[in-house]
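Undergrad: Quick one, run-v4.csv (CSV, C-alpha atoms):
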chain,number,residue,atom,x,y,z
A,6,MET,CA,-176.4,-111.9,193.9
A,7,ILE,CA,-175.9,-113.4,190.4
A,8,VAL,CA,-173.4,-116.3,190.0
A,9,LEU,CA,-172.6,-117.6,186.5
A,10,ALA,CA,-170.9,-121.0,186.3
A,11,SER,CA,-169.9,-121.8,182.8
A,12,PRO,CA,-168.6,-125.3,183.2
A,13,SER,CA,-171.8,-126.6,184.8
A,14,ARG,CA,-174.1,-124.4,182.7
A,15,SER,CA,-175.9,-123.1,185.8
A,16,ILE,CA,-176.9,-119.6,186.9
A,17,SER,CA,-177.7,-118.5,190.5
A,18,ALA,CA,-179.9,-115.5,191.1
A,19,GLY,CA,-181.2,-114.4,194.5
A,20,GLY,CA,-180.1,-117.7,196.1
A,21,VAL,CA,-181.9,-119.9,193.5
A,22,HIS,CA,-179.9,-122.1,191.2
A,23,TYR,CA,-181.0,-122.6,187.6
A,24,ILE,CA,-179.4,-125.5,185.7
A,25,PHE,CA,-179.8,-125.9,182.0
A,26,PRO,CA,-178.8,-128.8,179.6
A,27,HIS,CA,-175.3,-128.3,178.2
A,28,HIS,CA,-176.5,-128.4,174.6
A,29,GLN,CA,-179.0,-125.5,175.1
A,30,MET,CA,-176.4,-123.1,176.4
A,31,ASN,CA,-174.6,-120.9,173.9
A,32,LYS,CA,-173.1,-117.4,174.5
A,33,PRO,CA,-176.2,-115.4,173.3
A,34,THR,CA,-178.6,-117.5,175.3
A,35,LEU,CA,-176.4,-117.3,178.3
A,36,ILE,CA,-176.2,-113.5,178.1
A,37,ALA,CA,-180.0,-113.2,177.7
A,38,LEU,CA,-180.7,-115.4,180.6
A,39,PHE,CA,-178.2,-113.5,182.7
A,40,ALA,CA,-180.0,-110.2,182.0
A,41,ILE,CA,-183.5,-111.7,182.7
A,42,LEU,CA,-182.4,-113.2,186.0
A,43,THR,CA,-180.6,-110.1,187.1
A,44,THR,CA,-183.8,-108.2,186.7
A,45,LEU,CA,-185.8,-110.8,188.6
A,46,ALA,CA,-183.3,-110.9,191.4
A,47,GLY,CA,-183.8,-107.1,191.8
A,48,CYS,CA,-187.6,-107.3,191.9
A,49,LYS,CA,-189.4,-106.8,195.2
A,50,ASN,CA,-192.4,-108.9,196.0
A,51,LYS,CA,-195.5,-106.8,196.7
A,52,LEU,CA,-196.8,-109.5,199.0
A,53,ASP,CA,-193.7,-109.4,201.3
A,54,ALA,CA,-194.1,-108.1,204.8
A,55,SER,CA,-191.8,-105.1,204.4
A,56,ALA,CA,-191.7,-101.4,205.5
A,57,GLU,CA,-191.7,-100.4,201.8
A,58,ASN,CA,-194.8,-102.3,201.0
A,59,PHE,CA,-196.6,-101.2,204.2
A,60,LEU,CA,-195.8,-97.5,203.5
A,61,GLN,CA,-197.1,-97.8,199.9
A,62,ALA,CA,-200.3,-99.4,201.2
A,63,LEU,CA,-200.9,-96.7,203.7
A,64,ASN,CA,-200.4,-94.0,201.1
A,65,THR,CA,-202.5,-95.7,198.3
A,66,THR,CA,-205.4,-97.4,200.2
A,67,GLY,CA,-205.2,-96.1,203.7
A,68,ARG,CA,-204.9,-92.9,205.7
A,69,GLY,CA,-202.6,-91.2,203.4
A,70,GLN,CA,-205.4,-90.9,200.9
A,71,LYS,CA,-207.7,-88.5,202.7
A,72,LEU,CA,-207.8,-85.3,204.7
A,73,ASP,CA,-207.6,-86.2,208.4
A,74,VAL,CA,-206.4,-83.1,210.2
A,75,CYS,CA,-209.6,-81.5,211.4
A,76,VAL,CA,-210.8,-78.6,213.4
A,77,ALA,CA,-212.3,-80.6,216.4
A,78,ARG,CA,-209.3,-82.9,216.3
A,79,LYS,CA,-209.7,-85.8,218.8
A,80,ASP,CA,-213.1,-84.5,219.9
A,81,SER,CA,-214.9,-84.7,216.5
A,82,TRP,CA,-218.2,-85.1,218.4
A,83,ARG,CA,-218.0,-81.3,219.1
A,84,MET,CA,-218.9,-80.5,215.4
A,85,SER,CA,-222.1,-82.6,215.7
A,86,LEU,CA,-223.0,-80.5,218.8
A,87,TRP,CA,-222.2,-77.2,217.1
A,88,LEU,CA,-224.4,-78.1,214.1
A,89,SER,CA,-227.4,-79.4,216.1
A,90,ALA,CA,-230.6,-77.4,216.0
A,91,PRO,CA,-231.5,-76.3,218.6
A,92,PRO,CA,-227.9,-76.6,220.0
A,93,ALA,CA,-227.4,-79.7,222.1
A,94,MET,CA,-225.2,-77.7,224.4
A,95,THR,CA,-226.0,-75.4,227.3
A,96,VAL,CA,-226.0,-71.7,226.5
A,97,GLY,CA,-222.8,-71.4,228.5
A,98,GLU,CA,-221.2,-74.0,226.2
A,99,VAL,CA,-222.5,-72.3,223.1
A,100,ARG,CA,-221.0,-69.0,224.2
A,101,ALA,CA,-217.7,-70.7,225.2
A,102,HIS,CA,-217.4,-72.0,221.6
A,103,ASP,CA,-218.5,-68.8,219.9
A,104,LYS,CA,-215.0,-67.8,218.9
A,105,GLU,CA,-214.5,-71.1,217.1
A,106,LEU,CA,-217.9,-70.9,215.4
A,107,GLN,CA,-217.3,-67.4,214.2
A,108,ALA,CA,-213.9,-68.3,212.9
A,109,LEU,CA,-215.4,-71.1,210.8
A,110,VAL,CA,-218.1,-68.6,209.5
A,111,SER,CA,-215.4,-66.1,208.6
A,112,VAL,CA,-213.5,-68.6,206.4
A,113,GLY,CA,-216.7,-69.7,204.6
A,114,MET,CA,-217.1,-73.2,206.1
A,115,LEU,CA,-220.2,-72.5,208.2
A,116,ARG,CA,-223.0,-70.1,208.1
A,117,VAL,CA,-225.7,-69.1,210.5
A,118,LYS,CA,-228.8,-71.1,209.8
A,119,GLU,CA,-231.1,-69.3,212.2
A,120,ALA,CA,-231.2,-67.5,215.5
A,121,LYS,CA,-233.9,-68.5,217.9
A,122,LEU,CA,-235.0,-68.1,221.5
A,123,VAL,CA,-234.4,-71.1,223.6
A,124,ARG,CA,-234.9,-71.8,227.3
A,125,GLU,CA,-231.6,-71.2,229.1
A,126,LYS,CA,-230.1,-74.1,231.0
A,127,THR,CA,-227.3,-74.1,233.5
A,128,ASP,CA,-224.1,-76.1,232.9
A,129,HIS,CA,-225.9,-78.9,234.8
A,130,TYR,CA,-228.8,-78.7,232.3
A,131,VAL,CA,-231.2,-77.2,234.8
A,132,ASP,CA,-233.8,-75.0,233.2
A,133,THR,CA,-233.5,-71.4,234.6
A,134,GLY,CA,-236.8,-70.3,233.1
A,135,ASN,CA,-235.1,-67.6,231.1
A,136,GLN,CA,-235.1,-67.3,227.3
A,137,VAL,CA,-232.0,-66.4,225.4
A,138,GLU,CA,-231.1,-66.1,221.8
A,139,VAL,CA,-228.7,-68.7,220.3
A,140,LYS,CA,-227.6,-69.3,216.8
A,141,SER,CA,-227.6,-72.6,214.9
A,142,TYR,CA,-225.2,-73.3,212.1
A,143,GLU,CA,-224.9,-75.3,209.0
A,144,VAL,CA,-222.1,-76.3,206.6
A,145,THR,CA,-221.8,-74.1,203.5
A,146,GLU,CA,-221.6,-75.5,199.9
A,147,ALA,CA,-217.9,-74.7,200.0
A,148,GLY,CA,-217.5,-76.5,203.3
A,149,GLN,CA,-219.2,-79.7,202.2
A,150,LYS,CA,-216.0,-80.7,200.4
A,151,PHE,CA,-214.1,-80.7,203.7
A,152,TYR,CA,-216.9,-82.0,205.9
A,153,LEU,CA,-215.8,-85.6,206.2
A,154,ASP,CA,-216.6,-88.8,208.1
A,155,ILE,CA,-214.1,-89.2,210.9
A,156,GLY,CA,-214.8,-92.3,212.8
A,157,LEU,CA,-218.3,-92.1,214.3
A,158,HIS,CA,-218.7,-88.4,213.5
A,159,LYS,CA,-218.1,-85.8,210.9
A,160,ASP,CA,-215.6,-82.9,211.1
A,161,LEU,CA,-214.2,-80.1,208.9
A,162,CYS,CA,-210.8,-81.2,207.8
A,163,TYR,CA,-208.1,-79.0,206.4
A,164,ALA,CA,-204.9,-81.0,205.8
A,165,GLN,CA,-203.6,-84.5,205.1
A,166,ALA,CA,-201.4,-86.4,207.6
A,167,ILE,CA,-199.1,-88.3,205.2
A,168,PRO,CA,-197.4,-91.5,206.4
A,169,VAL,CA,-193.6,-91.2,205.8
A,170,THR,CA,-191.8,-93.8,208.0
A,171,ILE,CA,-192.7,-97.2,209.3
A,172,VAL,CA,-191.5,-97.5,212.9
A,173,LYS,CA,-192.4,-101.2,213.6
A,174,TRP,CA,-195.0,-103.8,212.8
A,175,GLU,CA,-196.5,-106.9,214.4
A,176,GLY,CA,-197.4,-109.9,212.3
A,177,PRO,CA,-198.3,-111.1,209.8
A,178,MET,CA,-200.9,-113.0,211.8
A,179,GLN,CA,-204.3,-114.5,211.0
A,180,ARG,CA,-207.2,-112.4,212.2
A,181,GLY,CA,-210.6,-113.8,211.1
A,182,SER,CA,-210.5,-114.4,207.4
A,183,HIS,CA,-207.5,-112.0,206.8
A,184,GLU,CA,-203.8,-112.2,207.2
A,185,VAL,CA,-202.9,-108.9,208.8
A,186,VAL,CA,-200.2,-106.8,210.3
A,187,ASP,CA,-200.5,-104.0,212.8
A,188,VAL,CA,-198.3,-101.1,211.7
A,189,THR,CA,-196.9,-98.2,213.7
A,190,PHE,CA,-195.7,-95.2,211.6
A,191,LYS,CA,-194.7,-91.6,211.6
A,192,ARG,CA,-196.5,-88.8,209.6
A,193,LYS,CA,-195.9,-85.4,208.2
A,194,VAL,CA,-198.6,-82.8,207.5
A,195,GLY,CA,-199.2,-81.9,203.8
A,196,GLU,CA,-200.4,-78.6,202.4
A,197,LEU,CA,-203.1,-76.8,204.3
A,198,ALA,CA,-206.4,-76.0,202.6
A,199,ASP,CA,-206.5,-72.4,201.5
A,200,TRP,CA,-209.3,-71.5,204.0
A,201,ALA,CA,-207.1,-72.8,206.9
A,202,LYS,CA,-204.1,-70.6,206.1
A,203,GLY,CA,-205.4,-67.4,207.8
A,204,GLU,CA,-203.8,-66.3,211.1
A,205,GLN,CA,-207.1,-66.0,212.8
A,206,PHE,CA,-208.1,-69.6,212.0
A,207,LYS,CA,-204.7,-70.8,213.1
A,208,ASP,CA,-204.8,-69.0,216.4
A,209,VAL,CA,-208.4,-70.1,217.3
A,210,PHE,CA,-207.8,-73.7,216.5
A,211,SER,CA,-204.2,-73.9,217.7
A,212,VAL,CA,-203.1,-75.2,214.2
A,213,LYS,CA,-199.4,-75.0,214.9
A,214,GLN,CA,-199.7,-77.1,218.0
A,215,ALA,CA,-201.9,-79.6,216.1
A,216,LEU,CA,-199.3,-79.9,213.3
A,217,ARG,CA,-196.4,-80.3,215.7
A,218,GLU,CA,-198.2,-83.1,217.6
A,219,ILE,CA,-199.1,-85.0,214.5
A,220,SER,CA,-195.4,-84.9,213.3
A,221,GLU,CA,-194.2,-86.0,216.7
A,222,ASP,CA,-196.7,-88.7,217.5
A,223,GLU,CA,-196.9,-92.2,216.2
A,224,ALA,CA,-200.0,-93.5,214.5
A,225,THR,CA,-201.2,-97.1,214.0
A,226,ALA,CA,-203.1,-98.9,211.3
A,227,THR,CA,-204.0,-102.5,210.4
A,228,LEU,CA,-203.2,-103.8,206.9
A,229,LYS,CA,-204.4,-107.0,205.2
A,230,ARG,CA,-202.6,-109.1,202.6
A,231,THR,CA,-204.5,-109.7,199.4
A,232,SER,CA,-203.5,-111.2,196.0
A,233,GLU,CA,-202.6,-107.7,194.9
A,234,GLY,CA,-200.5,-106.8,197.9
A,235,TRP,CA,-201.2,-105.0,201.2
A,236,GLU,CA,-204.3,-102.9,201.7
A,237,ALA,CA,-205.7,-100.9,204.6
A,238,LEU,CA,-208.3,-102.9,206.5
Is it possible to express this structure as structure tokens?
TA:
Amino acid sequence: MIVLASPSRSISAGGVHYIFPHHQMNKPTLIALFAILTTLAGCKNKLDASAENFLQALNTTGRGQKLDVCVARKDSWRMSLWLSAPPAMTVGEVRAHDKELQALVSVGMLRVKEAKLVREKTDHYVDTGNQVEVKSYEVTEAGQKFYLDIGLHKDLCYAQAIPVTIVKWEGPMQRGSHEVVDVTFKRKVGELADWAKGEQFKDVFSVKQALREISEDEATATLKRTSEGWEAL
């Protein structure tokens, strides 16, 4: 709120009172100061702990900046197993995931590296003495763009989960050398990568269910305060 008090030659802006010597105040000066202080009163401090600042930080320095909707979803370790050579799974597990692997081959993200004979193991990793043919896979050149680090593992990712609403936050609080807040937020899913738009891929990887869960669930992140504002930790 701006309050202009002519007799006392003072101006209030945003709860702060500015008092000037009487002889320095004429009408043009008063109008100019009024305009400047009106602008200042409307400015938002980027260092404030606010939902607006947190949302901007998430979308410029945090999770809103990268693809993070991936084929293996919460079990990103599965991709490491699928690409191991020889496969680090039992033959039964390889066959169980064959539909998923073939779907990724069909959209150009994986290719068969080699087919080889391996000693068959039961689901309890007991050697049966039999030899069976299994295929090992590798990420294609086209797939490398989407093969990203997700936590401790890598996964093929096809969409971006964009932060859209801050639900709540805790802090600011001191944690180590940083002043931080723990933020809870809602997301929406952005445009799918072209290779992920086919119906076969969507069916095999339950894409509709994954997108619905992301939109409904709440996510969390930690942000730190810097001299330039809030950033993802």
Undergrad: Between CA of Gln61 in chain A and CA of Leu197 in chain A, what distance in Å does the model show, to one decimal?
TA: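 Taking CA of Gln61 in chain A and CA of Leu197 in chain A, their separation equals 22.3 Å.
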Undergrad: When distances are computed from all atoms listed in the file, which of A:Ser211, A:Asn64, A:Ser232, A:Ser111 shows the smallest separation from Phe190 in chain A?
TA: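 Result for the nearest residue to Phe190 in chain A: A:Asn64.
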Undergrad: Quote the spacing between CA of Thr170 in chain A and CA of Asp73 in chain A in Å to one decimal place.
TA: 17.5 Å
Undergrad: So, with all atoms listed in the file as the atoms that count, which of A:Tyr163, A:Trp235, A:Tyr152, A:Trp174 lies closest to Gly203 in chain A?
TA: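 Nearest to Gly203 in chain A: A:Tyr163.
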Undergrad: What separation in Å, quoted to one decimal, exists between CA of Ile167 in chain A and CA of Lys202 in chain A?
TA: 18.4 Å
Undergrad: Just checking: using all atoms listed in the file, which residue out of A:Lys207, A:His102, A:Lys173, A:Arg217 ends up closest to Ala56 in chain A?
TA: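 Among the listed residues, A:Lys173 lies closest to Ala56 in chain A.
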Undergrad: Name the closest residue to Gly176 in chain A among the candidates A:Leu228, A:Val112, A:Ile219, A:Val194; distances are taken between atoms, counting only C-alpha atoms.
TA: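 Nearest to Gly176 in chain A: A:Leu228.
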